[in-house]
Amino acid sequence: MDEQIQFVDLKKQYLSLKPEIDAAIQRVIDTTAFINGPDVARFEADFAKFCESTYCIGTGSGHSALELIFEALEIGKGDEVIVPVNSYISTALAPSFSGAKAIFVDCDPETYNIDPKKIERAITRKTKAVAVTHLYGQAARMDEIMAIAKRHKLQVVEDAAQAHGARFKGKRVGNFGIACAYSFYPGKNLGCYGDGGAITTNSAALAKKLQLLHYFGQTKKYVHAIKGHNSKLDTIQAAILNAKLPHLEIWCERRLELARYYNEKLSGLPVKTPAIDPDGKHVFHIYCIVVHRRDRLLQFLKERGIHGNIHYPIPIHLQKAYKELRHTKGDFPVAERLASNIISLPLFPELTHEDIDRIVAAIREFYSERG
Ligand SMILES: *Cc1c(COP(=O)(O)O)cnc(C)c1O
């Protein structure tokens with residue numbers, strides 16, 4: 001039987017960095033600095049630098065980072081937040097939990113990111129912010145989005161959970177809006193070994209507030225200025241991230257290179273390969289193609305040891321969780337069409353050109369066999 005090609009092979013990356021990662025974890029245990037140890041401050045400083053942002057606050061997860069941002073911005077009851085309907089549900093849940101109403105906007109048929117042309121139509125007197133996901137690792141059209149936000153005096157919150165290191169017109173994502181959320185969920189481009197997240201911002205006032213909000217509102221031990229949460233980056237996770245961060249830029253390059261190789265090899269087959277915006281730098285968290293007979297192709301690949309995925313099979317507006325908004329099929333046709341025709345193929349820095357050759361050969365076989 002052929003060797004399995006996992007969708008994401010976390011073991012391969014661990015083995016390539018085992019001595020550094022094991023030593024980083026051991027160091028935390030040896031010093032028993034389990035909570036807010038020196039690794040956390042070091043990671044926050046180094047990740048801020050990597051993101052070309054002034055401030056970074058570690059959080060318990062990417063979702064928590066988003067929730068804290070909306071809470072810090074005091075966006076809540078009676079407010080509306082524009083949200084891409086084609087994203088992970090977290091982007092919508094965060095403003096929902098702060099009490100705001102999520103107003104969905106369809107995606108662009110080429111980049112799958114929020115369609116700037118459709119944002120303006122969704123704005124009302126209640127709109128306070130636009131949440132923007134840099135989906136699959138590709139920056140959204142931030143020039144157009146920021147111009148709209150400026151015109152209507154809206155905050156822009158970036159969700160770069162899939163886009164560590166991506167750029168738009170030379171500028172790192174996360175530096176366009178007021179604040180940006182990152183996730184270090186294990187399979188993300190920079191992943192830890194559990195839950196972890198971070199917020200970056202260039203606003204001193206917001207950073208100060210988030211610093212309090214993410215840790216019991218504490219100014220110093222047992223002194224609490226505001227009511228805060230307990231959502232911090234775990235020290236062992238920070239130590240692992242410190243061991244991995246120096247490799248992130250190279251991993252981003254490798255992902256882009258592998259994606260280009262996929263695009264080249266798949267050309268001529270009846271699949272739609274991802275568009276790479278020449279104004280941006282795509283870091284390919286996910287390599288997503290649009291295909292015919294999607295479910296049968298996924299099964300065909302699986303039988304050959306190739307593990308694909310779907311990001312995401314149900315657009316947010318059709319999730320039961322949002323039934324109160326009474327959306328129906330047809331409300332966001334671009335996202336809906338994608339949801340039933342997309343496949344994410346394996347992509348991670350340790351994947352090889354030979355793996356891609358094998359995956360493409362299987363796709364070719366599928367379409368030649370069944371016409
Ligand atoms: C992964 C992800 C999140 C949530 O991150 P967690 O760390 O799992 O909480 C939010 N938004 C997007 C777009 C994501 O991909």
# chains A, B, ... in the order shown; residues from 1 in each chain; ligands from 1
$ residues_near_ligand --ligand "ligand 1" --cutoff "7 Å" --atoms "only C-alpha atoms and all ligand atoms" --output "list in words"
Ser61, Gly62, His63, Ser64, Ser87, Tyr88, Ser90, Thr91, Thr133, Leu135, Asp159, Ala160, Ala161, Gln162, Ser183, Phe184, Tyr185, Asp195, Gly196 and Gly197 of chain A
$ write_last_selection --atoms "N, CA and C atoms" --output "short mmCIF file (atom, residue, chain, number, x, y, z; two decimals), in the first residue's frame"
data_model
loop_
_atom_site.label_atom_id
_atom_site.label_comp_id
_atom_site.auth_asym_id
_atom_site.auth_seq_id
_atom_site.Cartn_x
_atom_site.Cartn_y
_atom_site.Cartn_z
N SER A 61 -6.11 31.52 22.83
CA SER A 61 -6.42 30.94 21.52
C SER A 61 -6.64 32.07 20.52
N GLY A 62 -6.76 31.70 19.26
CA GLY A 62 -7.05 32.69 18.23
C GLY A 62 -8.46 33.26 18.41
N HIS A 63 -9.38 32.38 18.77
CA HIS A 63 -10.75 32.83 18.97
C HIS A 63 -10.83 33.82 20.13
N SER A 64 -10.14 33.49 21.19
CA SER A 64 -10.12 34.39 22.35
C SER A 64 -9.51 35.75 21.96
N SER A 87 -15.58 32.13 5.84
CA SER A 87 -14.48 32.15 6.80
C SER A 87 -14.74 31.03 7.78
N TYR A 88 -13.81 30.81 8.69
CA TYR A 88 -14.11 29.93 9.81
C TYR A 88 -15.10 30.67 10.70
N SER A 90 -15.41 31.29 13.68
CA SER A 90 -14.85 32.11 14.76
C SER A 90 -14.93 33.61 14.44
N THR A 91 -14.68 33.99 13.19
CA THR A 91 -14.69 35.40 12.80
C THR A 91 -16.05 36.03 13.08
N THR A 133 -11.06 38.49 7.24
CA THR A 133 -10.20 37.30 7.32
C THR A 133 -9.28 37.26 6.11
N LEU A 135 -8.10 34.88 4.21
CA LEU A 135 -8.43 33.46 4.11
C LEU A 135 -7.38 32.66 3.34
N ASP A 159 -8.40 39.24 10.92
CA ASP A 159 -8.26 37.86 11.38
C ASP A 159 -7.19 37.21 10.51
N ALA A 160 -5.97 37.12 11.09
CA ALA A 160 -4.85 36.53 10.34
C ALA A 160 -4.50 35.15 10.89
N ALA A 161 -5.52 34.46 11.40
CA ALA A 161 -5.30 33.12 11.96
C ALA A 161 -4.70 32.17 10.93
N GLN A 162 -4.94 32.48 9.63
CA GLN A 162 -4.41 31.63 8.56
C GLN A 162 -3.30 32.32 7.79
N SER A 183 -3.88 32.86 15.38
CA SER A 183 -4.07 31.59 16.06
C SER A 183 -2.80 30.75 15.92
N PHE A 184 -2.47 30.03 16.99
CA PHE A 184 -1.35 29.08 16.92
C PHE A 184 -1.85 27.66 17.12
N TYR A 185 -3.09 27.42 16.74
CA TYR A 185 -3.66 26.07 16.68
C TYR A 185 -2.64 25.20 15.94
N ASP A 195 -3.68 24.88 22.40
CA ASP A 195 -4.29 26.14 21.97
C ASP A 195 -3.36 27.30 22.28
N GLY A 196 -3.40 28.29 21.43
CA GLY A 196 -2.62 29.50 21.65
C GLY A 196 -3.02 30.54 20.63
N GLY A 197 -2.84 31.81 20.97
CA GLY A 197 -3.18 32.88 20.03
C GLY A 197 -2.47 34.15 20.42
#
$ residues_around --residues "stretch 28-45 of chain A" --least-positions-apart "3" --cutoff "9 Å" --atoms "only C-alpha atoms" --output "PyMOL selection string"
chain A and resi 23-25+48-50+54-58+198+232-242+245
$ select_by_dssp --residues "stretch 122-287 of chain A" --states "alpha helix (DSSP H)" --output "count of residues only"
50
$ atom_distance --atom1 "atom CA of A:Asn309" --atom2 "atom CA of A:Leu347"
10.9 Å
$ closest_residue --among "A:Glu71, A:Pro315, A:Thr201, A:Arg255" --to "A:Gly228" --atoms "only C-alpha atoms"
A:Glu71
$ residues_around --residues "A:Tyr261" --least-positions-apart "3" --cutoff "12 Å" --atoms "only C-alpha atoms" --output "MDAnalysis selection string"
chainID A and resid 254:258 264:267 273:274 287 347 351:357 359:360
$ residues_around --residues "A:Glu158" --least-positions-apart "2" --cutoff "7 Å" --atoms "only C-alpha atoms" --output "PyMOL selection string"
chain A and resi 131-133+156+160+174+177+179-181
$ write_last_selection --atoms "C-alpha atoms" --output "JSON list (two decimals), in the first residue's frame"
[["chain", "number", "residue", "atom", "x", "y", "z"],
["A", 131, "ALA", "CA", -13.97, 41.95, 10.36],
["A", 132, "VAL", "CA", -11.60, 40.81, 7.62],
["A", 133, "THR", "CA", -10.20, 37.30, 7.32],
["A", 156, "VAL", "CA", -11.29, 47.24, 10.82],
["A", 160, "ALA", "CA", -4.85, 36.53, 10.34],
["A", 174, "GLY", "CA", -2.32, 43.00, 10.73],
["A", 177, "GLY", "CA", -6.86, 47.68, 10.85],
["A", 179, "ALA", "CA", -5.94, 45.15, 15.69],
["A", 180, "CYS", "CA", -5.30, 41.68, 14.37],
["A", 181, "ALA", "CA", -5.91, 38.19, 15.76]]
$ closest_residue --among "A:Val83, A:Val223, A:Ile306, A:Ile119" --to "A:Glu144" --atoms "only C-alpha atoms"
A:Ile119
$ closest_residue --among "A:His285, A:Lys329, A:Lys18, A:Lys209" --to "A:His311" --atoms "only C-alpha atoms"
A:His285
$ residues_around --residues "A:Asp106" --least-positions-apart "3" --cutoff "12 Å" --atoms "only C-alpha atoms" --output "VMD selection string"
chain A and resid 82 to 87 103 109 111 to 122 132 315 to 317 330 to 338
$ write_last_selection --atoms "C-alpha atoms" --output "CSV table (one decimal), in the first residue's frame"
chain,number,residue,atom,x,y,z
A,82,ILE,CA,-19.6,43.2,8.8
A,83,VAL,CA,-18.2,39.7,8.6
A,84,PRO,CA,-17.0,37.6,5.6
A,85,VAL,CA,-19.5,34.7,5.1
A,86,ASN,CA,-16.7,32.6,3.7
A,87,SER,CA,-14.5,32.1,6.8
A,103,ILE,CA,-23.8,41.1,8.9
A,109,PRO,CA,-15.0,34.6,-6.8
A,111,THR,CA,-9.6,35.1,-4.1
A,112,TYR,CA,-12.4,33.8,-1.9
A,113,ASN,CA,-11.8,36.7,0.5
A,114,ILE,CA,-14.5,39.2,1.4
A,115,ASP,CA,-15.6,41.1,-1.7
A,116,PRO,CA,-14.9,44.8,-1.1
A,117,LYS,CA,-17.5,45.8,-3.7
A,118,LYS,CA,-20.2,44.2,-1.6
A,119,ILE,CA,-19.2,45.7,1.8
A,120,GLU,CA,-20.6,49.2,1.2
A,121,ARG,CA,-24.1,47.8,0.5
A,122,ALA,CA,-24.1,46.1,3.9
A,132,VAL,CA,-11.6,40.8,7.6
A,315,PRO,CA,-21.0,28.7,4.8
A,316,ILE,CA,-21.6,30.5,8.1
A,317,HIS,CA,-25.0,32.0,7.1
A,330,GLY,CA,-29.1,31.8,-2.4
A,331,ASP,CA,-28.3,34.7,-0.1
A,332,PHE,CA,-24.5,34.4,-0.7
A,333,PRO,CA,-24.2,32.5,-4.0
A,334,VAL,CA,-20.4,32.8,-4.4
A,335,ALA,CA,-19.7,31.3,-1.0
A,336,GLU,CA,-22.4,28.7,-1.5
A,337,ARG,CA,-21.0,27.5,-4.8
A,338,LEU,CA,-17.6,27.3,-3.4
$ closest_residue --among "A:Thr328, A:Gln218, A:Thr127, A:Asn175" --to "A:Lys153" --atoms "only C-alpha atoms"
A:Thr127
$ atom_distance --atom1 "atom CA of A:Arg141" --atom2 "atom CA of A:Phe176"
10.6 Å
$ select_by_dssp --residues "stretch 130-316 of chain A" --states "strand (DSSP E or B)" --output "PDB file with C-alpha atoms, in the first residue's frame"
ATOM      1  CA  VAL A 130     -15.581  45.264   9.476  1.00  0.00           C
ATOM      2  CA  ALA A 131     -13.971  41.947  10.362  1.00  0.00           C
ATOM      3  CA  VAL A 132     -11.603  40.814   7.622  1.00  0.00           C
ATOM      4  CA  THR A 133     -10.203  37.299   7.324  1.00  0.00           C
ATOM      5  CA  GLN A 155     -12.986  50.045  12.704  1.00  0.00           C
ATOM      6  CA  VAL A 156     -11.292  47.235  10.815  1.00  0.00           C
ATOM      7  CA  VAL A 157     -10.410  44.076  12.742  1.00  0.00           C
ATOM      8  CA  GLU A 158      -8.120  41.627  10.952  1.00  0.00           C
ATOM      9  CA  ASP A 159      -8.257  37.862  11.385  1.00  0.00           C
ATOM     10  CA  ARG A 167       1.614  40.834   2.956  1.00  0.00           C
ATOM     11  CA  PHE A 168      -0.505  43.233   0.937  1.00  0.00           C
ATOM     12  CA  LYS A 171       2.870  45.650   4.193  1.00  0.00           C
ATOM     13  CA  ARG A 172       2.379  42.775   6.594  1.00  0.00           C
ATOM     14  CA  ALA A 179      -5.938  45.154  15.691  1.00  0.00           C
ATOM     15  CA  CYS A 180      -5.301  41.677  14.373  1.00  0.00           C
ATOM     16  CA  ALA A 181      -5.914  38.185  15.761  1.00  0.00           C
ATOM     17  CA  TYR A 182      -3.552  35.247  15.230  1.00  0.00           C
ATOM     18  CA  SER A 183      -4.067  31.586  16.064  1.00  0.00           C
ATOM     19  CA  GLY A 197      -3.182  32.875  20.032  1.00  0.00           C
ATOM     20  CA  ALA A 198      -2.065  36.480  19.924  1.00  0.00           C
ATOM     21  CA  ILE A 199      -3.245  39.981  19.169  1.00  0.00           C
ATOM     22  CA  THR A 200      -1.094  42.530  17.390  1.00  0.00           C
ATOM     23  CA  THR A 201      -1.829  46.242  17.249  1.00  0.00           C
ATOM     24  CA  TYR A 215      -5.329  38.829  32.402  1.00  0.00           C
ATOM     25  CA  GLN A 218      -4.423  43.138  36.643  1.00  0.00           C
ATOM     26  CA  THR A 219      -1.962  46.052  36.786  1.00  0.00           C
ATOM     27  CA  LYS A 220       0.212  44.195  39.284  1.00  0.00           C
ATOM     28  CA  VAL A 223      -4.353  44.813  41.928  1.00  0.00           C
ATOM     29  CA  HIS A 224      -7.189  44.918  39.380  1.00  0.00           C
ATOM     30  CA  ASN A 230      -7.988  34.856  31.989  1.00  0.00           C
ATOM     31  CA  LYS A 272      -9.646  25.690 -10.875  1.00  0.00           C
ATOM     32  CA  GLY A 280       0.053  40.414  -2.030  1.00  0.00           C
ATOM     33  CA  LYS A 281       2.231  37.759  -0.574  1.00  0.00           C
ATOM     34  CA  TYR A 287      -4.286  25.090  -0.991  1.00  0.00           C
ATOM     35  CA  CYS A 288      -7.859  25.049  -2.224  1.00  0.00           C
ATOM     36  CA  ILE A 289      -9.066  24.045  -5.704  1.00  0.00           C
ATOM     37  CA  VAL A 290     -12.535  24.114  -7.245  1.00  0.00           C
ATOM     38  CA  ILE A 306      -4.198  11.047  -0.045  1.00  0.00           C
ATOM     39  CA  ASN A 309     -10.249  18.345   3.323  1.00  0.00           C
TER      40      ASN A 309
END
$ decode --residues "stretch 229-271 of chain A" --atoms "C-alpha atoms" --output "tab-separated table (two decimals), in the first residue's frame"
chain	number	residue	atom	x	y	z
A	229	HIS	CA	-10.58	37.55	31.55
A	230	ASN	CA	-7.99	34.86	31.99
A	231	SER	CA	-6.81	34.27	28.43
A	232	LYS	CA	-3.07	34.17	28.16
A	233	LEU	CA	-0.57	32.33	26.06
A	234	ASP	CA	0.61	29.29	28.01
A	235	THR	CA	4.33	29.35	28.79
A	236	ILE	CA	5.08	25.87	27.40
A	237	GLN	CA	3.28	26.86	24.20
A	238	ALA	CA	5.27	30.11	24.05
A	239	ALA	CA	8.51	28.12	24.45
A	240	ILE	CA	7.53	25.87	21.53
A	241	LEU	CA	6.62	28.93	19.45
A	242	ASN	CA	10.00	30.50	20.28
A	243	ALA	CA	11.70	27.40	18.91
A	244	LYS	CA	9.60	27.52	15.73
A	245	LEU	CA	9.40	31.25	14.96
A	246	PRO	CA	12.91	31.51	13.42
A	247	HIS	CA	11.75	29.04	10.73
A	248	LEU	CA	8.45	30.71	9.89
A	249	GLU	CA	9.69	32.92	7.05
A	250	ILE	CA	11.28	29.91	5.32
A	251	TRP	CA	8.10	27.86	5.82
A	252	CYS	CA	6.05	30.66	4.21
A	253	GLU	CA	8.36	30.65	1.17
A	254	ARG	CA	8.18	26.88	0.95
A	255	ARG	CA	4.37	26.90	1.08
A	256	LEU	CA	4.22	29.46	-1.72
A	257	GLU	CA	6.72	27.50	-3.80
A	258	LEU	CA	4.78	24.24	-3.35
A	259	ALA	CA	1.51	26.00	-4.22
A	260	ARG	CA	3.04	27.34	-7.44
A	261	TYR	CA	4.22	23.82	-8.25
A	262	TYR	CA	0.67	22.51	-7.70
A	263	ASN	CA	-0.74	25.28	-9.93
A	264	GLU	CA	1.70	24.40	-12.70
A	265	LYS	CA	1.14	20.63	-12.48
A	266	LEU	CA	-2.64	20.95	-12.32
A	267	SER	CA	-2.91	23.21	-15.35
A	268	GLY	CA	-4.78	21.48	-18.14
A	269	LEU	CA	-6.90	19.46	-15.73
A	270	PRO	CA	-10.58	20.37	-15.19
A	271	VAL	CA	-9.92	22.04	-11.83
